[in-house]
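**Q** Sharing a structure, written as structure tokens. Questions coming.
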Amino acid sequence: MIQVNDNFLLLPESYLFSEVARRVKEFQEENPDVKVIRMGIGDVTRPLCKAAIEAMHKAVDDEAATETFHGYGPEQGYSFLRDKIADFDYNKRGIDISADEIFIGDGAKSDLGNFFDILAQNSIVAVTDPVYPVYVDTNVMGGRGGKRHGEHHEGIIYLPINKGNRYMPQLPGKRPDVIYLCSPNNPTGTAMTRNELKEWVDYARREGCLILFDSAYEAYIHSDDVPHSIYEIDGAKEVAVEFRSFSKTAGFTGVRCGYTVVPFTLKGHDSKGEEVSLNRLWNRRQCTKFNGASYISQRAAEAVYREEGRKQIEKSIEYYMENARMMRDSLSNAGYEVIGGVDSPYIWLKTPDGMSSWEFFDHLLKLHGIVGTPGSGFGKEGEGYLRLTAFNTHEATREALSRITNA
Ligand code: PLP
């Protein structure tokens, strides 16, 4: 008899995006003349920058000659990339992180999902509600979720994000072992200020918690008081792991490259109470279960730190953020309650007239041919909201806004 991991059976069917796709398909079949504008998915649309493309072509050529061929690389990533990250993303910003504290991976999702390999299996985790679903589902798979009651798993601490707390999670009443924070946030589009993040770092230090800090959207930060890295906060190197990605920064959603920072000063404890370095354990885990991100992806990632590459990726980010600005301005002028979109490519839109998330989804689709993502798909507190993304073209974004606001 083949026995399965029962924990997987505690997961709800992944319903959100398939249901969105089903409703869009049905609408499109009934209304073939309507040009549907998709503002739902969190994927970039602009092509990779020239610097990354050139670097990849060159890397492919490297693989074609014996002298420059690269087989297995270091599991932690090539130093040509780790050094650039340490220099540009940390040292030049006044943060003391060394290349050996940086682990290159194939994107933030895998590392976020895998990090629990090195933590106690019975840890109590806290997540926000609404939430990027990967944090919850991977913990349920790992047996930390417990039974599901409605939308929540009994073993997980949920920290509501709603109008009442200005869309910022508040410190938990009960102490978790591990806290997932995402800033700039998917799906709400809000970002934590230095003071807000400091509260969490201070709390984690006081209570002996670990913060798993997801800053996949760091490149979209525009506000001066929003930190780009959790390590800008004093003491964070003793309590936080940072996850970053080239996906939204440089359009690598298809190329795959990201990195995880595990500072040397970050210590856990074994069951006998002895101190253990998390960097050492993560290194061990990666060397055993991972054979490194591809040489070609890492060369492409390296290229976005060169002057040309930096300028080119900034241009794409500005392009998306111009969409976010248009969306914010036009929707708030039309009387909508608009959250986010200042330091992130996401707009969290309050549904009008007390509509549910799915009712408003249907309303936008059927009346205007526009696709968003129902907020309720990200958690209970997301009910009554819809997520729109800024990843479309200017033309489609303008068209979508005029359809909504001229109705
Ligand atoms: N973290 C958040 C909050 C995301 O929204 C995403 C992707 O949408 C990821 C991580 C995963 O990104 P990657 O493409 O690096 O796996």
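Going by the structure tokens order, chains are called A, B, ..., each with residues numbered from 1, while ligands are numbered from 1 in the order shown.
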Could I get the residue neighbourhood of ligand 1 at 6 Å, counting only C-alpha atoms and all ligand atoms, as a list in words?

**A** Gly42, Gly107, Ala108, Lys109, Tyr132, Asn186, Asp214, Ala216, Ser245, Ser247, Thr253 and Gly258 of chain A

**Q** Let's see if you can do this: from backbone DSSP, list all alpha helix (DSSP H) residues in range 28-238 of chain A, as a PyMOL selection string.

**A** chain A and resi 28-30+50-63+79-85+108-114+133-141+194-207

**Q** Find, counting only C-alpha atoms, the residue in A:Arg299, A:Arg194, A:His368, A:Arg206 that gets nearest to Ile230 in chain A.

**A**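 Among A:Arg299, A:Arg194, A:His368, A:Arg206, it is A:Arg194 that comes nearest to Ile230 in chain A.
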
**Q** Near range 275-288 of chain A, counting only C-alpha atoms, which residues have an atom at most 6 Å away, once you skip same-chain residues fewer than 3 positions from it, shown as an MDAnalysis selection string?

**A** chainID A and resid 75 262 264 267:269

**Q** Please dump the current selection as a PDB file, in the first residue's frame; keep all heavy atoms.

**A**
ATOM      1  N   GLU A  75      26.522  25.115  -5.236  1.00  0.00           N
ATOM      2  CA  GLU A  75      25.101  25.038  -4.822  1.00  0.00           C
ATOM      3  C   GLU A  75      24.604  26.385  -4.306  1.00  0.00           C
ATOM      4  O   GLU A  75      23.432  26.708  -4.388  1.00  0.00           O
ATOM      5  CB  GLU A  75      24.909  23.980  -3.718  1.00  0.00           C
ATOM      6  CG  GLU A  75      25.100  22.547  -4.177  1.00  0.00           C
ATOM      7  CD  GLU A  75      26.530  22.056  -4.023  1.00  0.00           C
ATOM      8  OE1 GLU A  75      27.458  22.890  -3.865  1.00  0.00           O
ATOM      9  OE2 GLU A  75      26.725  20.814  -4.065  1.00  0.00           O
ATOM     10  N   VAL A 262      20.797  34.594   4.640  1.00  0.00           N
ATOM     11  CA  VAL A 262      20.767  33.976   5.967  1.00  0.00           C
ATOM     12  C   VAL A 262      22.024  34.463   6.705  1.00  0.00           C
ATOM     13  O   VAL A 262      23.119  33.923   6.509  1.00  0.00           O
ATOM     14  CB  VAL A 262      20.751  32.430   5.881  1.00  0.00           C
ATOM     15  CG1 VAL A 262      20.444  31.828   7.246  1.00  0.00           C
ATOM     16  CG2 VAL A 262      19.753  31.932   4.850  1.00  0.00           C
ATOM     17  N   PHE A 264      25.068  35.287   9.227  1.00  0.00           N
ATOM     18  CA  PHE A 264      25.843  34.428  10.147  1.00  0.00           C
ATOM     19  C   PHE A 264      25.392  34.611  11.593  1.00  0.00           C
ATOM     20  O   PHE A 264      25.507  33.716  12.414  1.00  0.00           O
ATOM     21  CB  PHE A 264      27.338  34.757  10.046  1.00  0.00           C
ATOM     22  CG  PHE A 264      27.943  34.331   8.733  1.00  0.00           C
ATOM     23  CD1 PHE A 264      28.710  35.216   7.980  1.00  0.00           C
ATOM     24  CD2 PHE A 264      27.771  33.036   8.259  1.00  0.00           C
ATOM     25  CE1 PHE A 264      29.276  34.819   6.775  1.00  0.00           C
ATOM     26  CE2 PHE A 264      28.342  32.634   7.057  1.00  0.00           C
ATOM     27  CZ  PHE A 264      29.086  33.529   6.310  1.00  0.00           C
ATOM     28  N   LYS A 267      20.906  32.741  14.816  1.00  0.00           N
ATOM     29  CA  LYS A 267      21.109  31.450  15.495  1.00  0.00           C
ATOM     30  C   LYS A 267      19.783  30.831  15.910  1.00  0.00           C
ATOM     31  O   LYS A 267      18.882  31.535  16.360  1.00  0.00           O
ATOM     32  CB  LYS A 267      21.937  31.643  16.773  1.00  0.00           C
ATOM     33  CG  LYS A 267      23.247  32.389  16.577  1.00  0.00           C
ATOM     34  CD  LYS A 267      24.293  31.543  15.909  1.00  0.00           C
ATOM     35  CE  LYS A 267      25.615  32.329  15.883  1.00  0.00           C
ATOM     36  NZ  LYS A 267      26.572  31.823  14.957  1.00  0.00           N
ATOM     37  N   GLY A 268      19.713  29.524  15.762  1.00  0.00           N
ATOM     38  CA  GLY A 268      18.580  28.790  16.318  1.00  0.00           C
ATOM     39  C   GLY A 268      19.095  27.925  17.462  1.00  0.00           C
ATOM     40  O   GLY A 268      20.258  28.036  17.857  1.00  0.00           O
ATOM     41  N   HIS A 269      18.223  27.070  17.968  1.00  0.00           N
ATOM     42  CA  HIS A 269      18.633  26.164  19.048  1.00  0.00           C
ATOM     43  C   HIS A 269      18.178  24.756  18.735  1.00  0.00           C
ATOM     44  O   HIS A 269      17.092  24.560  18.192  1.00  0.00           O
ATOM     45  CB  HIS A 269      18.052  26.628  20.389  1.00  0.00           C
ATOM     46  CG  HIS A 269      18.669  27.919  20.845  1.00  0.00           C
ATOM     47  ND1 HIS A 269      18.172  29.145  20.469  1.00  0.00           N
ATOM     48  CD2 HIS A 269      19.778  28.150  21.590  1.00  0.00           C
ATOM     49  CE1 HIS A 269      18.944  30.091  20.983  1.00  0.00           C
ATOM     50  NE2 HIS A 269      19.928  29.519  21.668  1.00  0.00           N
TER      51      HIS A 269
END

**Q** Counting only C-alpha atoms, what is within 10 Å of Phe360 in chain A, bar same-chain residues fewer than 2 positions away, as a PyMOL selection string?

**A** chain A and resi 350-358+362-366+372-374+384-386

**Q** Go ahead and dump the residues you just picked, all heavy atoms, as a compact mmCIF listing (two decimals), in the first residue's frame.

**A**
# COMPACT_ATOMS: atom_id res chain seq x y z
N LYS A 350 -11.31 48.38 -2.75
CA LYS A 350 -12.49 48.04 -1.95
C LYS A 350 -13.68 47.93 -2.91
O LYS A 350 -13.86 48.80 -3.77
CB LYS A 350 -12.73 49.16 -0.93
CG LYS A 350 -13.92 48.94 -0.04
CD LYS A 350 -13.57 48.06 1.17
CE LYS A 350 -14.79 47.58 1.92
NZ LYS A 350 -15.34 46.29 1.49
N THR A 351 -14.44 46.88 -2.77
CA THR A 351 -15.58 46.73 -3.68
C THR A 351 -16.64 47.78 -3.31
O THR A 351 -16.83 48.09 -2.14
CB THR A 351 -16.23 45.33 -3.55
OG1 THR A 351 -16.74 45.19 -2.22
CG2 THR A 351 -15.23 44.23 -3.82
N PRO A 352 -17.33 48.33 -4.30
CA PRO A 352 -18.35 49.35 -3.99
C PRO A 352 -19.67 48.71 -3.56
O PRO A 352 -19.92 47.53 -3.85
CB PRO A 352 -18.51 50.07 -5.34
CG PRO A 352 -18.14 49.05 -6.37
CD PRO A 352 -17.15 48.10 -5.74
N ASP A 353 -20.45 49.49 -2.89
CA ASP A 353 -21.84 49.11 -2.54
C ASP A 353 -21.96 47.78 -1.82
O ASP A 353 -22.91 47.02 -2.04
CB ASP A 353 -22.72 49.07 -3.82
CG ASP A 353 -22.59 50.34 -4.64
OD1 ASP A 353 -22.47 51.41 -4.00
OD2 ASP A 353 -22.56 50.26 -5.88
N GLY A 354 -20.97 47.46 -1.01
CA GLY A 354 -21.05 46.24 -0.22
C GLY A 354 -21.00 44.95 -1.02
O GLY A 354 -21.39 43.89 -0.53
N MET A 355 -20.55 45.03 -2.28
CA MET A 355 -20.47 43.80 -3.09
C MET A 355 -19.42 42.86 -2.51
O MET A 355 -18.41 43.31 -1.96
CB MET A 355 -20.02 44.15 -4.52
CG MET A 355 -21.10 44.62 -5.42
SD MET A 355 -20.42 44.68 -7.11
CE MET A 355 -21.04 46.25 -7.62
N SER A 356 -19.64 41.55 -2.70
CA SER A 356 -18.60 40.60 -2.31
C SER A 356 -17.51 40.64 -3.37
O SER A 356 -17.71 41.21 -4.47
CB SER A 356 -19.18 39.18 -2.23
OG SER A 356 -19.40 38.70 -3.54
N SER A 357 -16.37 40.02 -3.06
CA SER A 357 -15.26 40.01 -4.03
C SER A 357 -15.70 39.40 -5.36
O SER A 357 -15.41 39.94 -6.43
CB SER A 357 -14.09 39.20 -3.48
OG SER A 357 -13.56 39.80 -2.33
N TRP A 358 -16.40 38.26 -5.30
CA TRP A 358 -16.80 37.59 -6.54
C TRP A 358 -17.89 38.36 -7.28
O TRP A 358 -17.92 38.38 -8.51
CB TRP A 358 -17.24 36.15 -6.28
CG TRP A 358 -16.07 35.20 -6.16
CD1 TRP A 358 -15.63 34.58 -5.02
CD2 TRP A 358 -15.19 34.75 -7.22
NE1 TRP A 358 -14.53 33.79 -5.31
CE2 TRP A 358 -14.24 33.87 -6.65
CE3 TRP A 358 -15.10 35.01 -8.59
CZ2 TRP A 358 -13.22 33.24 -7.37
CZ3 TRP A 358 -14.08 34.39 -9.34
CH2 TRP A 358 -13.16 33.53 -8.72
N ASP A 362 -17.44 39.65 -11.07
CA ASP A 362 -18.40 39.42 -12.16
C ASP A 362 -18.87 40.74 -12.77
O ASP A 362 -19.04 40.86 -13.98
CB ASP A 362 -19.62 38.64 -11.64
CG ASP A 362 -19.30 37.16 -11.49
OD1 ASP A 362 -18.39 36.67 -12.17
OD2 ASP A 362 -19.96 36.49 -10.66
N HIS A 363 -19.07 41.73 -11.91
CA HIS A 363 -19.52 43.05 -12.36
C HIS A 363 -18.48 43.64 -13.33
O HIS A 363 -18.83 44.08 -14.43
CB HIS A 363 -19.69 43.93 -11.11
CG HIS A 363 -19.92 45.37 -11.40
ND1 HIS A 363 -21.17 45.90 -11.60
CD2 HIS A 363 -19.05 46.41 -11.52
CE1 HIS A 363 -21.06 47.20 -11.83
NE2 HIS A 363 -19.78 47.53 -11.79
N LEU A 364 -17.22 43.62 -12.94
CA LEU A 364 -16.16 44.19 -13.81
C LEU A 364 -16.04 43.41 -15.11
O LEU A 364 -15.82 43.98 -16.17
CB LEU A 364 -14.80 44.19 -13.09
CG LEU A 364 -14.56 45.28 -12.06
CD1 LEU A 364 -13.11 45.22 -11.58
CD2 LEU A 364 -14.85 46.67 -12.61
N LEU A 365 -16.17 42.09 -14.99
CA LEU A 365 -16.02 41.25 -16.19
C LEU A 365 -17.22 41.47 -17.14
O LEU A 365 -17.03 41.75 -18.34
CB LEU A 365 -15.92 39.78 -15.78
CG LEU A 365 -15.81 38.78 -16.92
CD1 LEU A 365 -14.54 39.02 -17.74
CD2 LEU A 365 -15.79 37.34 -16.39
N LYS A 366 -18.42 41.40 -16.59
CA LYS A 366 -19.60 41.42 -17.46
C LYS A 366 -19.91 42.81 -17.99
O LYS A 366 -20.31 42.97 -19.13
CB LYS A 366 -20.79 40.82 -16.72
CG LYS A 366 -20.57 39.33 -16.52
CD LYS A 366 -21.72 38.61 -15.90
CE LYS A 366 -21.36 37.13 -15.78
NZ LYS A 366 -22.07 36.46 -14.73
N GLY A 372 -10.04 41.05 -12.72
CA GLY A 372 -9.21 41.27 -11.53
C GLY A 372 -9.09 39.95 -10.79
O GLY A 372 -9.47 38.89 -11.30
N THR A 373 -8.55 39.99 -9.56
CA THR A 373 -8.50 38.78 -8.75
C THR A 373 -9.31 39.04 -7.47
O THR A 373 -9.01 40.01 -6.75
CB THR A 373 -7.04 38.42 -8.38
OG1 THR A 373 -6.28 38.37 -9.57
CG2 THR A 373 -6.97 37.08 -7.68
N PRO A 374 -10.30 38.21 -7.20
CA PRO A 374 -11.12 38.43 -6.00
C PRO A 374 -10.27 38.35 -4.73
O PRO A 374 -9.52 37.38 -4.52
CB PRO A 374 -12.13 37.27 -6.05
CG PRO A 374 -12.13 36.82 -7.46
CD PRO A 374 -10.76 37.05 -7.98
N GLY A 384 -14.54 41.35 0.06
CA GLY A 384 -14.91 42.77 -0.09
C GLY A 384 -13.81 43.58 -0.76
O GLY A 384 -13.87 44.81 -0.79
N TYR A 385 -12.79 42.88 -1.30
CA TYR A 385 -11.72 43.57 -2.03
C TYR A 385 -11.44 42.84 -3.34
O TYR A 385 -11.80 41.66 -3.50
CB TYR A 385 -10.42 43.61 -1.20
CG TYR A 385 -10.53 44.46 0.03
CD1 TYR A 385 -11.02 43.93 1.22
CD2 TYR A 385 -10.16 45.81 0.00
CE1 TYR A 385 -11.15 44.71 2.35
CE2 TYR A 385 -10.28 46.60 1.14
CZ TYR A 385 -10.77 46.04 2.31
OH TYR A 385 -10.90 46.82 3.42
N LEU A 386 -10.75 43.55 -4.23
CA LEU A 386 -10.33 42.95 -5.49
C LEU A 386 -8.90 43.41 -5.75
O LEU A 386 -8.58 44.58 -5.52
CB LEU A 386 -11.24 43.45 -6.62
CG LEU A 386 -11.05 42.74 -7.94
CD1 LEU A 386 -12.14 41.67 -8.10
CD2 LEU A 386 -11.16 43.70 -9.11

**Q** Which neighbours of Leu159 in chain A fall inside 9 Å, counting only C-alpha atoms, when residues of the same chain fewer than 4 positions from it are skipped, and could you give them as a list in words?

**A**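 After dropping sequence-adjacent residues, the list is Ala126, Val127, Thr128, Asp129, Pro130, Pro169, Gln170, Leu171 and Pro172 of chain A.
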
**Q** Can you tell me which residues surround Val136 in chain A at a distance of at most 10 Å, considering only C-alpha atoms, apart from same-chain residues fewer than 2 positions away, and format the answer as a PyMOL selection string?

**A** chain A and resi 11+113+125-128+131-134+138-142+144-145+152-153+156+158+180

**Q** Keeping only N, CA and C atoms, take the residues you just selected and write them out as a PDB file, in the first residue's frame.

**A**
ATOM      1  N   LEU A  11      -5.398  20.462   2.512  1.00  0.00           N
ATOM      2  CA  LEU A  11      -5.380  21.684   1.692  1.00  0.00           C
ATOM      3  C   LEU A  11      -6.667  21.788   0.891  1.00  0.00           C
ATOM      4  N   GLY A 113       9.218  28.120   0.408  1.00  0.00           N
ATOM      5  CA  GLY A 113       8.579  26.836   0.688  1.00  0.00           C
ATOM      6  C   GLY A 113       9.517  25.839   1.348  1.00  0.00           C
ATOM      7  N   VAL A 125       3.453  28.944  13.401  1.00  0.00           N
ATOM      8  CA  VAL A 125       3.717  30.022  12.448  1.00  0.00           C
ATOM      9  C   VAL A 125       2.587  31.043  12.446  1.00  0.00           C
ATOM     10  N   ALA A 126       2.977  32.279  12.148  1.00  0.00           N
ATOM     11  CA  ALA A 126       1.986  33.353  11.993  1.00  0.00           C
ATOM     12  C   ALA A 126       2.074  33.902  10.580  1.00  0.00           C
ATOM     13  N   VAL A 127       0.914  34.114   9.995  1.00  0.00           N
ATOM     14  CA  VAL A 127       0.846  34.712   8.659  1.00  0.00           C
ATOM     15  C   VAL A 127      -0.202  35.823   8.697  1.00  0.00           C
ATOM     16  N   THR A 128      -0.134  36.695   7.706  1.00  0.00           N
ATOM     17  CA  THR A 128      -1.172  37.716   7.632  1.00  0.00           C
ATOM     18  C   THR A 128      -2.386  37.145   6.904  1.00  0.00           C
ATOM     19  N   VAL A 131      -3.103  36.873   2.473  1.00  0.00           N
ATOM     20  CA  VAL A 131      -1.730  36.377   2.455  1.00  0.00           C
ATOM     21  C   VAL A 131      -1.370  35.821   1.070  1.00  0.00           C
ATOM     22  N   TYR A 132      -0.084  35.853   0.750  1.00  0.00           N
ATOM     23  CA  TYR A 132       0.440  35.116  -0.406  1.00  0.00           C
ATOM     24  C   TYR A 132       0.298  33.630  -0.044  1.00  0.00           C
ATOM     25  N   PRO A 133      -0.528  32.869  -0.753  1.00  0.00           N
ATOM     26  CA  PRO A 133      -0.956  31.541  -0.272  1.00  0.00           C
ATOM     27  C   PRO A 133       0.175  30.535  -0.028  1.00  0.00           C
ATOM     28  N   VAL A 134       1.330  30.742  -0.646  1.00  0.00           N
ATOM     29  CA  VAL A 134       2.451  29.799  -0.496  1.00  0.00           C
ATOM     30  C   VAL A 134       2.852  29.616   0.980  1.00  0.00           C
ATOM     31  N   THR A 138       2.408  25.695   2.253  1.00  0.00           N
ATOM     32  CA  THR A 138       3.611  24.903   2.516  1.00  0.00           C
ATOM     33  C   THR A 138       3.662  24.468   3.979  1.00  0.00           C
ATOM     34  N   ASN A 139       3.114  25.283   4.859  1.00  0.00           N
ATOM     35  CA  ASN A 139       3.073  24.880   6.270  1.00  0.00           C
ATOM     36  C   ASN A 139       2.045  23.795   6.515  1.00  0.00           C
ATOM     37  N   VAL A 140       0.948  23.861   5.770  1.00  0.00           N
ATOM     38  CA  VAL A 140      -0.048  22.785   5.884  1.00  0.00           C
ATOM     39  C   VAL A 140       0.584  21.483   5.389  1.00  0.00           C
ATOM     40  N   MET A 141       1.282  21.537   4.267  1.00  0.00           N
ATOM     41  CA  MET A 141       1.966  20.336   3.750  1.00  0.00           C
ATOM     42  C   MET A 141       2.946  19.779   4.775  1.00  0.00           C
ATOM     43  N   GLY A 142       3.575  20.683   5.519  1.00  0.00           N
ATOM     44  CA  GLY A 142       4.573  20.278   6.510  1.00  0.00           C
ATOM     45  C   GLY A 142       3.950  19.834   7.828  1.00  0.00           C
ATOM     46  N   ARG A 144       1.986  21.630   9.898  1.00  0.00           N
ATOM     47  CA  ARG A 144       1.847  22.659  10.931  1.00  0.00           C
ATOM     48  C   ARG A 144       0.506  23.393  10.858  1.00  0.00           C
ATOM     49  N   GLY A 145      -0.321  23.022   9.903  1.00  0.00           N
ATOM     50  CA  GLY A 145      -1.584  23.746   9.729  1.00  0.00           C
ATOM     51  C   GLY A 145      -2.690  23.229  10.641  1.00  0.00           C
ATOM     52  N   HIS A 152      -9.597  29.092   7.765  1.00  0.00           N
ATOM     53  CA  HIS A 152      -8.382  29.111   8.575  1.00  0.00           C
ATOM     54  C   HIS A 152      -7.998  27.718   9.061  1.00  0.00           C
ATOM     55  N   HIS A 153      -6.688  27.505   9.198  1.00  0.00           N
ATOM     56  CA  HIS A 153      -6.187  26.265   9.790  1.00  0.00           C
ATOM     57  C   HIS A 153      -5.954  26.522  11.278  1.00  0.00           C
ATOM     58  N   ILE A 156      -2.436  27.594  12.802  1.00  0.00           N
ATOM     59  CA  ILE A 156      -1.732  28.785  12.298  1.00  0.00           C
ATOM     60  C   ILE A 156      -2.312  30.038  12.939  1.00  0.00           C
ATOM     61  N   TYR A 158      -3.303  33.758  12.498  1.00  0.00           N
ATOM     62  CA  TYR A 158      -3.600  34.691  11.396  1.00  0.00           C
ATOM     63  C   TYR A 158      -3.630  36.119  11.917  1.00  0.00           C
ATOM     64  N   TYR A 180       5.809  35.174   9.029  1.00  0.00           N
ATOM     65  CA  TYR A 180       6.017  35.550   7.621  1.00  0.00           C
ATOM     66  C   TYR A 180       5.565  36.995   7.431  1.00  0.00           C
TER      67      TYR A 180
END

**Q** Which residues come within 9 Å of Ser215 in chain A, counting only C-alpha atoms, excluding same-chain residues fewer than 6 positions away, as a ChimeraX atom specification?

**A** /A:181-185,228-230,242-245

**Q** Based on the selection just made, write C-alpha atoms of those residues as a PDB file, in the first residue's frame.

**A**
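Contents of again_22.pdb, freshly written:
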ATOM      1  CA  LEU A 181       6.062  39.200   6.592  1.00  0.00           C
ATOM      2  CA  CYS A 182       5.735  40.415   3.027  1.00  0.00           C
ATOM      3  CA  SER A 183       6.586  44.028   2.228  1.00  0.00           C
ATOM      4  CA  PRO A 184       5.741  45.488  -0.246  1.00  0.00           C
ATOM      5  CA  ASN A 185       2.749  43.280   0.168  1.00  0.00           C
ATOM      6  CA  HIS A 228      14.337  48.104   1.011  1.00  0.00           C
ATOM      7  CA  SER A 229      15.755  45.428   3.285  1.00  0.00           C
ATOM      8  CA  ILE A 230      14.782  44.244   6.752  1.00  0.00           C
ATOM      9  CA  GLU A 242      15.284  37.811   3.679  1.00  0.00           C
ATOM     10  CA  PHE A 243      13.917  36.397   0.411  1.00  0.00           C
ATOM     11  CA  ARG A 244      14.370  38.301  -2.829  1.00  0.00           C
ATOM     12  CA  SER A 245      13.740  37.586  -6.452  1.00  0.00           C
TER      13      SER A 245
END

**Q** As an exercise, work out the distance from CA of Glu337 in chain A to CA of Glu381 in chain A in Å and give it to one decimal place.

**A**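 Atom-to-atom, CA of Glu337 in chain A to CA of Glu381 in chain A, that is 15.8 Å.
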
**Q** Which of these residues is nearest to Cys257 in chain A, using only C-alpha atoms: A:Ala120, A:Met168, A:Leu388, A:Ala293?

**A**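 Between A:Ala120, A:Met168, A:Leu388, A:Ala293, the residue approaching Cys257 in chain A most closely is A:Ala293.
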
**Q** With distances taken over only C-alpha atoms, which residue among A:Ile211, A:Lys311, A:Trp348, A:Lys147 lies nearest Phe8 in chain A?

**A**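 Result for the nearest residue to Phe8 in chain A: A:Lys147.
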
**Q** Pick from A:Phe246, A:Pro345, A:Phe361, A:Ser223: nearest to Ala300 in chain A, with only C-alpha atoms counted?

**A** A:Phe246

**Q** Which is closer to Gly340 in chain A than all the others in A:Ile233, A:Ala191, A:Ala390, A:Val239, using only C-alpha atoms?

**A** A:Ala191

**Q** Given only C-alpha atoms as the basis, pick out the residue of A:Val241, A:Leu119, A:Ile104, A:Ala86 nearest to Ser271 in chain A.

**A**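 The closest residue to Ser271 in chain A is A:Leu119.
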
**Q** What is the distance between CA of Tyr305 in chain A and CA of Gly105 in chain A, in Å to one decimal?

**A**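 Computed distance, CA of Tyr305 in chain A to CA of Gly105 in chain A, equals 17.0 Å.
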